[in-house]
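Colleague: Got a file for you: run-v5.cif, mmCIF, C-alpha atoms.
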```cif
data_coords
#
loop_
_atom_site.label_atom_id
_atom_site.label_comp_id
_atom_site.auth_asym_id
_atom_site.auth_seq_id
_atom_site.Cartn_x
_atom_site.Cartn_y
_atom_site.Cartn_z
CA MET A 1 40.98 91.48 -0.15
CA ILE A 2 42.66 91.94 3.24
CA ASN A 3 40.30 90.63 5.90
CA THR A 4 39.81 93.44 8.43
CA ALA A 5 37.49 93.45 11.44
CA ILE A 6 36.31 96.36 13.57
CA LEU A 7 35.49 95.13 17.06
CA ILE A 8 34.00 97.17 19.91
CA PRO A 9 34.60 95.72 23.39
CA ALA A 10 31.87 96.86 25.78
CA ARG A 11 31.68 96.11 29.51
CA TYR A 12 28.76 97.01 31.73
CA ALA A 13 30.82 97.18 34.92
CA SER A 14 33.04 100.23 35.32
CA SER A 15 34.53 101.73 38.46
CA ARG A 16 33.97 105.28 37.21
CA PHE A 17 30.73 104.90 35.24
CA SER A 18 28.74 101.68 35.63
CA GLY A 19 26.51 100.85 32.67
CA LYS A 20 28.35 103.34 30.46
CA PRO A 21 27.66 101.64 27.09
CA LEU A 22 23.91 102.00 27.69
CA ALA A 23 24.05 105.63 28.83
CA LYS A 24 21.70 107.75 26.71
CA ILE A 25 23.14 110.43 24.43
CA LEU A 26 20.39 112.50 22.84
CA GLY A 27 18.03 109.65 23.69
CA LYS A 28 20.12 106.90 22.06
CA PRO A 29 22.47 104.44 23.84
CA MET A 30 26.13 105.35 23.54
CA ILE A 31 27.03 101.93 22.11
CA GLN A 32 24.60 102.60 19.26
CA TRP A 33 26.32 105.90 18.41
CA VAL A 34 29.65 104.08 18.29
CA TYR A 35 28.35 101.19 16.18
CA GLU A 36 26.51 103.41 13.71
CA GLY A 37 29.59 105.62 13.44
CA ILE A 38 31.64 102.78 11.93
CA ASN A 39 28.93 100.79 10.17
CA SER A 40 29.59 102.44 6.80
CA SER A 41 33.32 101.61 6.82
CA HIS A 42 34.40 100.50 3.34
CA LEU A 43 37.68 98.87 4.42
CA SER A 44 36.24 96.48 6.98
CA ASN A 45 34.22 93.40 6.10
CA PHE A 46 33.30 92.47 9.69
CA LYS A 47 31.94 94.72 12.44
CA ALA A 48 30.69 93.65 15.86
CA VAL A 49 30.31 94.51 19.54
CA LEU A 50 31.89 92.09 22.03
CA THR A 51 30.44 92.03 25.53
CA ASP A 52 30.03 89.90 28.63
CA ASP A 53 26.68 91.38 29.59
CA GLU A 54 23.21 90.37 28.39
CA ARG A 55 21.88 93.91 28.86
CA ILE A 56 24.36 95.23 26.32
CA ALA A 57 23.68 92.27 24.03
CA ASP A 58 19.93 92.98 24.17
CA CYS A 59 20.55 96.65 23.37
CA VAL A 60 22.73 95.89 20.33
CA ASN A 61 20.27 93.29 19.08
CA GLY A 62 17.53 95.88 19.50
CA PHE A 63 19.07 98.33 17.05
CA GLY A 64 20.11 95.60 14.61
CA GLY A 65 23.83 95.46 15.35
CA ARG A 66 26.04 92.38 15.34
CA ILE A 67 26.83 91.21 18.87
CA PHE A 68 28.85 88.39 20.42
CA VAL A 69 28.90 87.51 24.09
CA VAL A 70 32.50 86.69 25.05
CA LYS A 71 32.68 85.50 28.65
CA GLY A 72 35.86 85.59 30.70
CA ASP A 73 37.86 87.53 33.26
CA PHE A 74 39.80 89.68 30.79
CA ARG A 75 42.47 92.22 31.70
CA SER A 76 41.39 94.64 28.99
CA GLY A 77 39.33 95.12 25.86
CA THR A 78 42.32 93.96 23.84
CA ASP A 79 42.26 90.60 25.62
CA ARG A 80 38.51 90.15 25.07
CA ILE A 81 39.04 90.84 21.36
CA ALA A 82 41.99 88.46 21.16
CA ALA A 83 40.00 85.65 22.77
CA PHE A 84 37.28 86.15 20.16
CA CYS A 85 39.73 86.35 17.25
CA LYS A 86 41.84 83.27 18.02
CA ASP A 87 40.02 81.08 15.52
CA LYS A 88 38.91 83.83 13.10
CA PRO A 89 40.58 84.43 9.69
CA PHE A 90 41.22 88.14 10.21
CA ASP A 91 44.42 89.75 8.90
CA TYR A 92 43.97 93.03 10.78
CA ILE A 93 41.77 93.92 13.73
CA VAL A 94 40.60 97.36 14.80
CA ASN A 95 39.87 97.77 18.51
CA LEU A 96 37.45 100.67 18.92
CA GLN A 97 36.67 101.64 22.48
CA GLY A 98 32.94 101.66 23.19
CA ASP A 99 33.09 105.15 24.71
CA GLU A 100 33.98 107.06 21.51
CA PRO A 101 30.51 108.18 20.30
CA LEU A 102 31.92 110.82 17.94
CA ILE A 103 33.73 108.28 15.75
CA LYS A 104 33.28 108.46 11.97
CA ALA A 105 33.74 105.62 9.49
CA LYS A 106 36.06 107.72 7.32
CA THR A 107 38.43 108.17 10.27
CA ILE A 108 38.60 104.42 10.83
CA ASP A 109 39.12 103.80 7.11
CA GLN A 110 41.97 106.32 6.99
CA LEU A 111 43.68 104.52 9.87
CA ILE A 112 43.16 101.10 8.26
CA ASP A 113 44.47 102.32 4.91
CA LYS A 114 47.62 103.94 6.32
CA SER A 115 48.40 101.08 8.66
CA ILE A 116 48.08 98.36 6.05
CA LYS A 117 50.05 100.33 3.44
CA ASN A 118 52.86 100.97 5.96
CA LYS A 119 52.72 97.38 7.26
CA ASP A 120 52.37 98.56 10.85
CA CYS A 121 52.17 95.77 13.40
CA MET A 122 50.18 98.13 15.64
CA ALA A 123 48.94 101.69 15.20
CA THR A 124 46.67 104.24 16.84
CA LEU A 125 45.42 107.83 16.58
CA ILE A 126 46.56 110.93 18.44
CA LYS A 127 45.34 114.51 18.51
CA ARG A 128 46.77 117.78 19.80
CA CYS A 129 45.64 118.44 23.38
CA GLU A 130 43.58 121.40 24.41
CA LYS A 131 45.13 123.24 27.35
CA LYS A 132 42.40 122.10 29.74
CA GLU A 133 43.08 118.44 28.87
CA ILE A 134 46.76 118.37 29.77
CA ASP A 135 46.28 117.87 33.52
CA ASN A 136 43.20 115.64 33.22
CA PRO A 137 44.17 112.03 34.16
CA ASN A 138 41.26 110.69 32.10
CA VAL A 139 42.93 112.13 28.98
CA VAL A 140 45.88 109.90 28.12
CA LYS A 141 48.91 111.80 26.86
CA VAL A 142 51.51 110.42 24.46
CA VAL A 143 55.00 111.37 23.30
CA THR A 144 56.46 110.07 20.04
CA ASP A 145 59.77 109.86 18.25
CA LYS A 146 60.52 111.74 15.03
CA LYS A 147 58.98 108.97 12.91
CA GLY A 148 55.71 109.00 14.83
CA TYR A 149 56.27 105.90 16.93
CA ALA A 150 55.03 106.12 20.50
CA LEU A 151 57.68 106.44 23.17
CA TYR A 152 55.31 106.46 26.13
CA PHE A 153 51.68 106.94 27.17
CA SER A 154 50.69 108.43 30.52
CA ARG A 155 47.80 109.88 32.46
CA SER A 156 50.25 112.51 33.67
CA PRO A 157 51.32 115.47 31.51
CA ILE A 158 54.26 114.32 29.42
CA PRO A 159 56.78 115.70 28.85
CA PHE A 160 57.31 117.57 32.11
CA GLU A 161 57.29 121.28 31.27
CA ARG A 162 60.59 122.51 32.67
CA SER A 163 60.69 125.18 29.98
CA ALA A 164 57.94 126.55 27.72
CA TYR A 165 56.25 123.71 25.83
CA ASN A 166 52.94 123.65 23.95
CA ASN A 167 53.09 120.45 21.91
CA TYR A 168 51.05 118.00 24.00
CA PHE A 169 49.15 115.19 22.32
CA LYS A 170 46.36 112.98 23.59
CA HIS A 171 45.70 109.38 22.68
CA ILE A 172 42.41 108.41 20.99
CA GLY A 173 40.92 105.05 22.03
CA ILE A 174 41.37 103.25 18.73
CA TYR A 175 43.97 100.62 17.81
CA ILE A 176 44.69 98.51 14.77
CA TYR A 177 46.87 95.41 15.00
CA SER A 178 47.97 92.64 12.74
CA LYS A 179 46.47 89.41 14.05
CA ALA A 180 49.93 88.12 14.96
CA THR A 181 50.58 91.21 17.09
CA LEU A 182 47.20 90.96 18.80
CA MET A 183 47.78 87.32 19.72
CA ARG A 184 51.27 88.11 20.99
CA LEU A 185 49.85 90.79 23.29
CA TYR A 186 47.22 88.36 24.53
CA ASN A 187 49.89 85.82 25.46
CA GLU A 188 52.16 88.31 27.25
CA LYS A 189 51.84 88.83 31.00
CA SER A 190 50.57 92.17 32.28
CA THR A 191 53.48 94.54 32.85
CA GLN A 192 54.33 96.84 35.73
CA LEU A 193 53.80 100.03 33.77
CA GLU A 194 50.51 98.75 32.35
CA LYS A 195 49.26 98.12 35.90
CA ALA A 196 50.63 101.39 37.28
CA GLU A 197 49.01 103.62 34.64
CA GLY A 198 46.01 101.40 33.90
CA LEU A 199 46.90 101.57 30.18
CA GLU A 200 46.93 98.35 28.17
CA GLN A 201 49.06 99.79 25.34
CA LEU A 202 52.05 99.94 27.69
CA ARG A 203 52.17 96.13 27.58
CA ALA A 204 53.05 96.47 23.92
CA LEU A 205 55.79 99.05 24.47
CA GLU A 206 57.34 97.12 27.38
CA ASN A 207 57.56 94.04 25.15
CA GLY A 208 59.23 95.89 22.28
CA ILE A 209 56.17 96.19 20.03
CA LYS A 210 56.26 99.45 18.11
CA ILE A 211 53.08 101.52 18.02
CA LYS A 212 52.80 103.90 15.07
CA THR A 213 50.74 107.02 15.73
CA TYR A 214 48.81 109.02 13.16
CA GLN A 215 47.56 112.52 13.89
CA THR A 216 43.92 113.38 13.35
CA LYS A 217 42.08 116.69 13.44
CA GLU A 218 38.69 115.08 14.01
CA THR A 219 36.83 115.90 17.22
CA PHE A 220 36.94 113.16 19.86
CA ILE A 221 35.57 113.13 23.39
CA GLY A 222 35.93 109.80 25.12
CA VAL A 223 33.16 109.40 27.68
CA ASP A 224 34.97 108.64 30.94
CA ILE A 225 32.52 110.19 33.41
CA LYS A 226 28.84 111.16 33.26
CA GLU A 227 29.72 114.83 32.83
CA ASP A 228 31.31 114.03 29.44
CA ILE A 229 27.90 113.15 27.98
CA LYS A 230 26.78 116.78 27.91
CA LYS A 231 29.95 117.75 26.01
CA VAL A 232 29.27 115.04 23.42
CA GLU A 233 25.61 116.05 23.08
CA ASN A 234 26.56 119.64 22.34
CA ILE A 235 28.79 118.52 19.47
CA LEU A 236 26.26 116.04 18.08
CA LYS A 237 23.50 118.68 18.10
CA ASN A 238 25.61 120.75 15.71
CA ARG A 239 26.05 117.74 13.41
CA LEU A 240 22.36 116.89 13.17
#
```
Go ahead and express the file in the form of structure tokens.

Modeller:
Amino acid sequence: MINTAILIPARYASSRFSGKPLAKILGKPMIQWVYEGINSSHLSNFKAVLTDDERIADCVNGFGGRIFVVKGDFRSGTDRIAAFCKDKPFDYIVNLQGDEPLIKAKTIDQLIDKSIKNKDCMATLIKRCEKKEIDNPNVVKVVTDKKGYALYFSRSPIPFERSAYNNYFKHIGIYIYSKATLMRLYNEKSTQLEKAEGLEQLRALENGIKIKTYQTKETFIGVDIKEDIKKVENILKNRL
């Protein structure tokens, strides 16, 4: 069996939303929604939250999740995951952002299945943008080539709409990498575009690592600001 891990990096400090992983959504911490969303994955044999904060660790322990405290001054969630995985026998690693409370295990398993079958070194999910999302800098846009490989990610609307265009896509905060690719990213220096946009995936593109994108129709709302919680709650109420 291919050894695949799903890891959720979770920081307490955030310039836009401090304590975000512990923010309550319908009375339950957001990190719990994320963890429970992937806990029934059939294609992963290891699932855990990685944090540097004892408050998050206590929360995850409280609901029975697997938690590891990984200390360090990391540039991104990818780097925290890589530091944890250095001595682990994983073949593939899924990086699931801790602010995706609408995630479903079947969505993760579909990504794992496609990526392993296609031998992707790195892959992620994208979804067609709603009109109101195109100009929102918290919604990361992506353009791809004809084979579905990412050409660029940006907080700005891309492409620039010089003539009528209605084919915008947003990036979903989920990655899968081969372990070799993850460790290569960890050992590369931060790049100018990565710093300019505040997007860690640009480090991969600037170093020639191809990122395959797969479209999904599932509903995703990444919680970037407190106002996003109400949007997520409205969707979850209809699921319950």

Colleague: Taking the file as I've supplied it (selection: the PyMOL selection byres ((chain A and resi 164-174) around 8)), which residues are included? Please answer as a list in words.

Modeller: Val94, Asn95, Leu96, Gln97, Glu100, Thr124, Leu125, Ile126, Lys127, Arg128, Cys129, Ile134, Val139, Val140, Lys141, Val142, Val143, Phe153, Pro157, Ile158, Pro159, Glu161, Arg162, Ser163, Tyr175, Ile176, Phe220 and Gly222 of chain A

Colleague: Would you mind listing what lies within 7 Å of region 61-77 of chain A as a list in words, with all atoms listed in the file counted and same-chain residues fewer than 5 positions away left out?

Modeller: Pro9, Lys47, Ala48, Val49, Leu50, Thr51, Asp52, Phe84 and Glu200 of chain A

Colleague: Name every residue that the PyMOL selection byres ((chain A and resi 12) around 10) selects in this structure, writing the answer as a PDB file with C-alpha atoms, keeping the file's coordinate frame with chains first and numbers rising.

Modeller:
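What follows is the written file out06.pdb:
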```pdb
ATOM      1  CA  ALA A  10      31.870  96.860  25.780  1.00  0.00           C
ATOM      2  CA  ARG A  11      31.680  96.110  29.510  1.00  0.00           C
ATOM      3  CA  ALA A  13      30.820  97.180  34.920  1.00  0.00           C
ATOM      4  CA  SER A  14      33.040 100.230  35.320  1.00  0.00           C
ATOM      5  CA  PHE A  17      30.730 104.900  35.240  1.00  0.00           C
ATOM      6  CA  SER A  18      28.740 101.680  35.630  1.00  0.00           C
ATOM      7  CA  GLY A  19      26.510 100.850  32.670  1.00  0.00           C
ATOM      8  CA  LYS A  20      28.350 103.340  30.460  1.00  0.00           C
ATOM      9  CA  PRO A  21      27.660 101.640  27.090  1.00  0.00           C
ATOM     10  CA  LEU A  22      23.910 102.000  27.690  1.00  0.00           C
ATOM     11  CA  THR A  51      30.440  92.030  25.530  1.00  0.00           C
ATOM     12  CA  ASP A  52      30.030  89.900  28.630  1.00  0.00           C
ATOM     13  CA  ASP A  53      26.680  91.380  29.590  1.00  0.00           C
ATOM     14  CA  GLU A  54      23.210  90.370  28.390  1.00  0.00           C
ATOM     15  CA  ARG A  55      21.880  93.910  28.860  1.00  0.00           C
ATOM     16  CA  ILE A  56      24.360  95.230  26.320  1.00  0.00           C
TER      17      ILE A  56
END
```

Colleague: Enumerate, as a list in words, the residues matched when the PyMOL selection byres ((chain A and resi 1) around 10) is run on the file above.

Modeller: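 Taken over the shown coordinates, the PyMOL selection byres ((chain A and resi 1) around 10) returns Ile2, Asn3, Thr4, Leu43, Ser44, Asn45 and Asp91 of chain A.
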
Colleague: Using all atoms listed in the file, which residue out of A:Glu133, A:Asp120, A:Glu197, A:Glu233 lies closest to Lys212 (chain A)?

Modeller: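 Among A:Glu133, A:Asp120, A:Glu197, A:Glu233, it is A:Asp120 that comes nearest to Lys212 (chain A).
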
Colleague: In Å, how far is it from CA of Lys179 (chain A) to CA of Pro89 (chain A)?

Modeller: 8.9 Å

Colleague: Taking (45.8, 86.8, 23.0) in the file's own coordinates, collect the residues within 6 Å, counting only C-alpha atoms, and hand them back as number ranges by chain.

Modeller: A: 79, 82-83, 183-187

Colleague: May I ask which of the residues A:Thr107, A:Cys59, A:Arg80, A:Pro29 is the closest one to Lys217 (chain A), counting all atoms listed in the file?

Modeller: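 Closest to Lys217 (chain A), using all atoms listed in the file: A:Thr107.
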
Colleague: For the atom pair CA of Ala23 (chain A) and CA of Asn138 (chain A), what is the interatomic distance in Å to one decimal place?

Modeller: 18.2 Å

Colleague: Go through A:Lys226, A:Lys88, A:Arg239, A:Lys28 one by one, measure the shortest atom-to-atom distance of each to Ala180 (chain A) using all atoms listed in the file, and give the residue with the smallest value.

Modeller: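 For Ala180 (chain A), the nearest of the candidates is A:Lys88.
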
Colleague: So what do you get for CA of Lys119 (chain A) versus CA of Ile93 (chain A), distance-wise?

Modeller: 13.2 Å

Colleague: Which is closest to Gly198 (chain A) among A:Tyr149, A:Thr219, A:Met122, A:Ser156, if we use only C-alpha atoms?

Modeller: A:Ser156

Colleague: Measuring between only C-alpha atoms, which one of A:Asp224, A:Asp135, A:Glu130, A:Glu218 shows the shortest distance to Lys104 (chain A)?

Modeller: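 Ranked by minimum distance to Lys104 (chain A), first place goes to A:Glu218.
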
Colleague: Which residue is closest to Thr78 (chain A)? Choose from A:Gln110, A:Gln201, A:Gln192, A:Asn39 and count all atoms listed in the file.

Modeller: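 Closest to Thr78 (chain A) of all the choices is A:Gln201.
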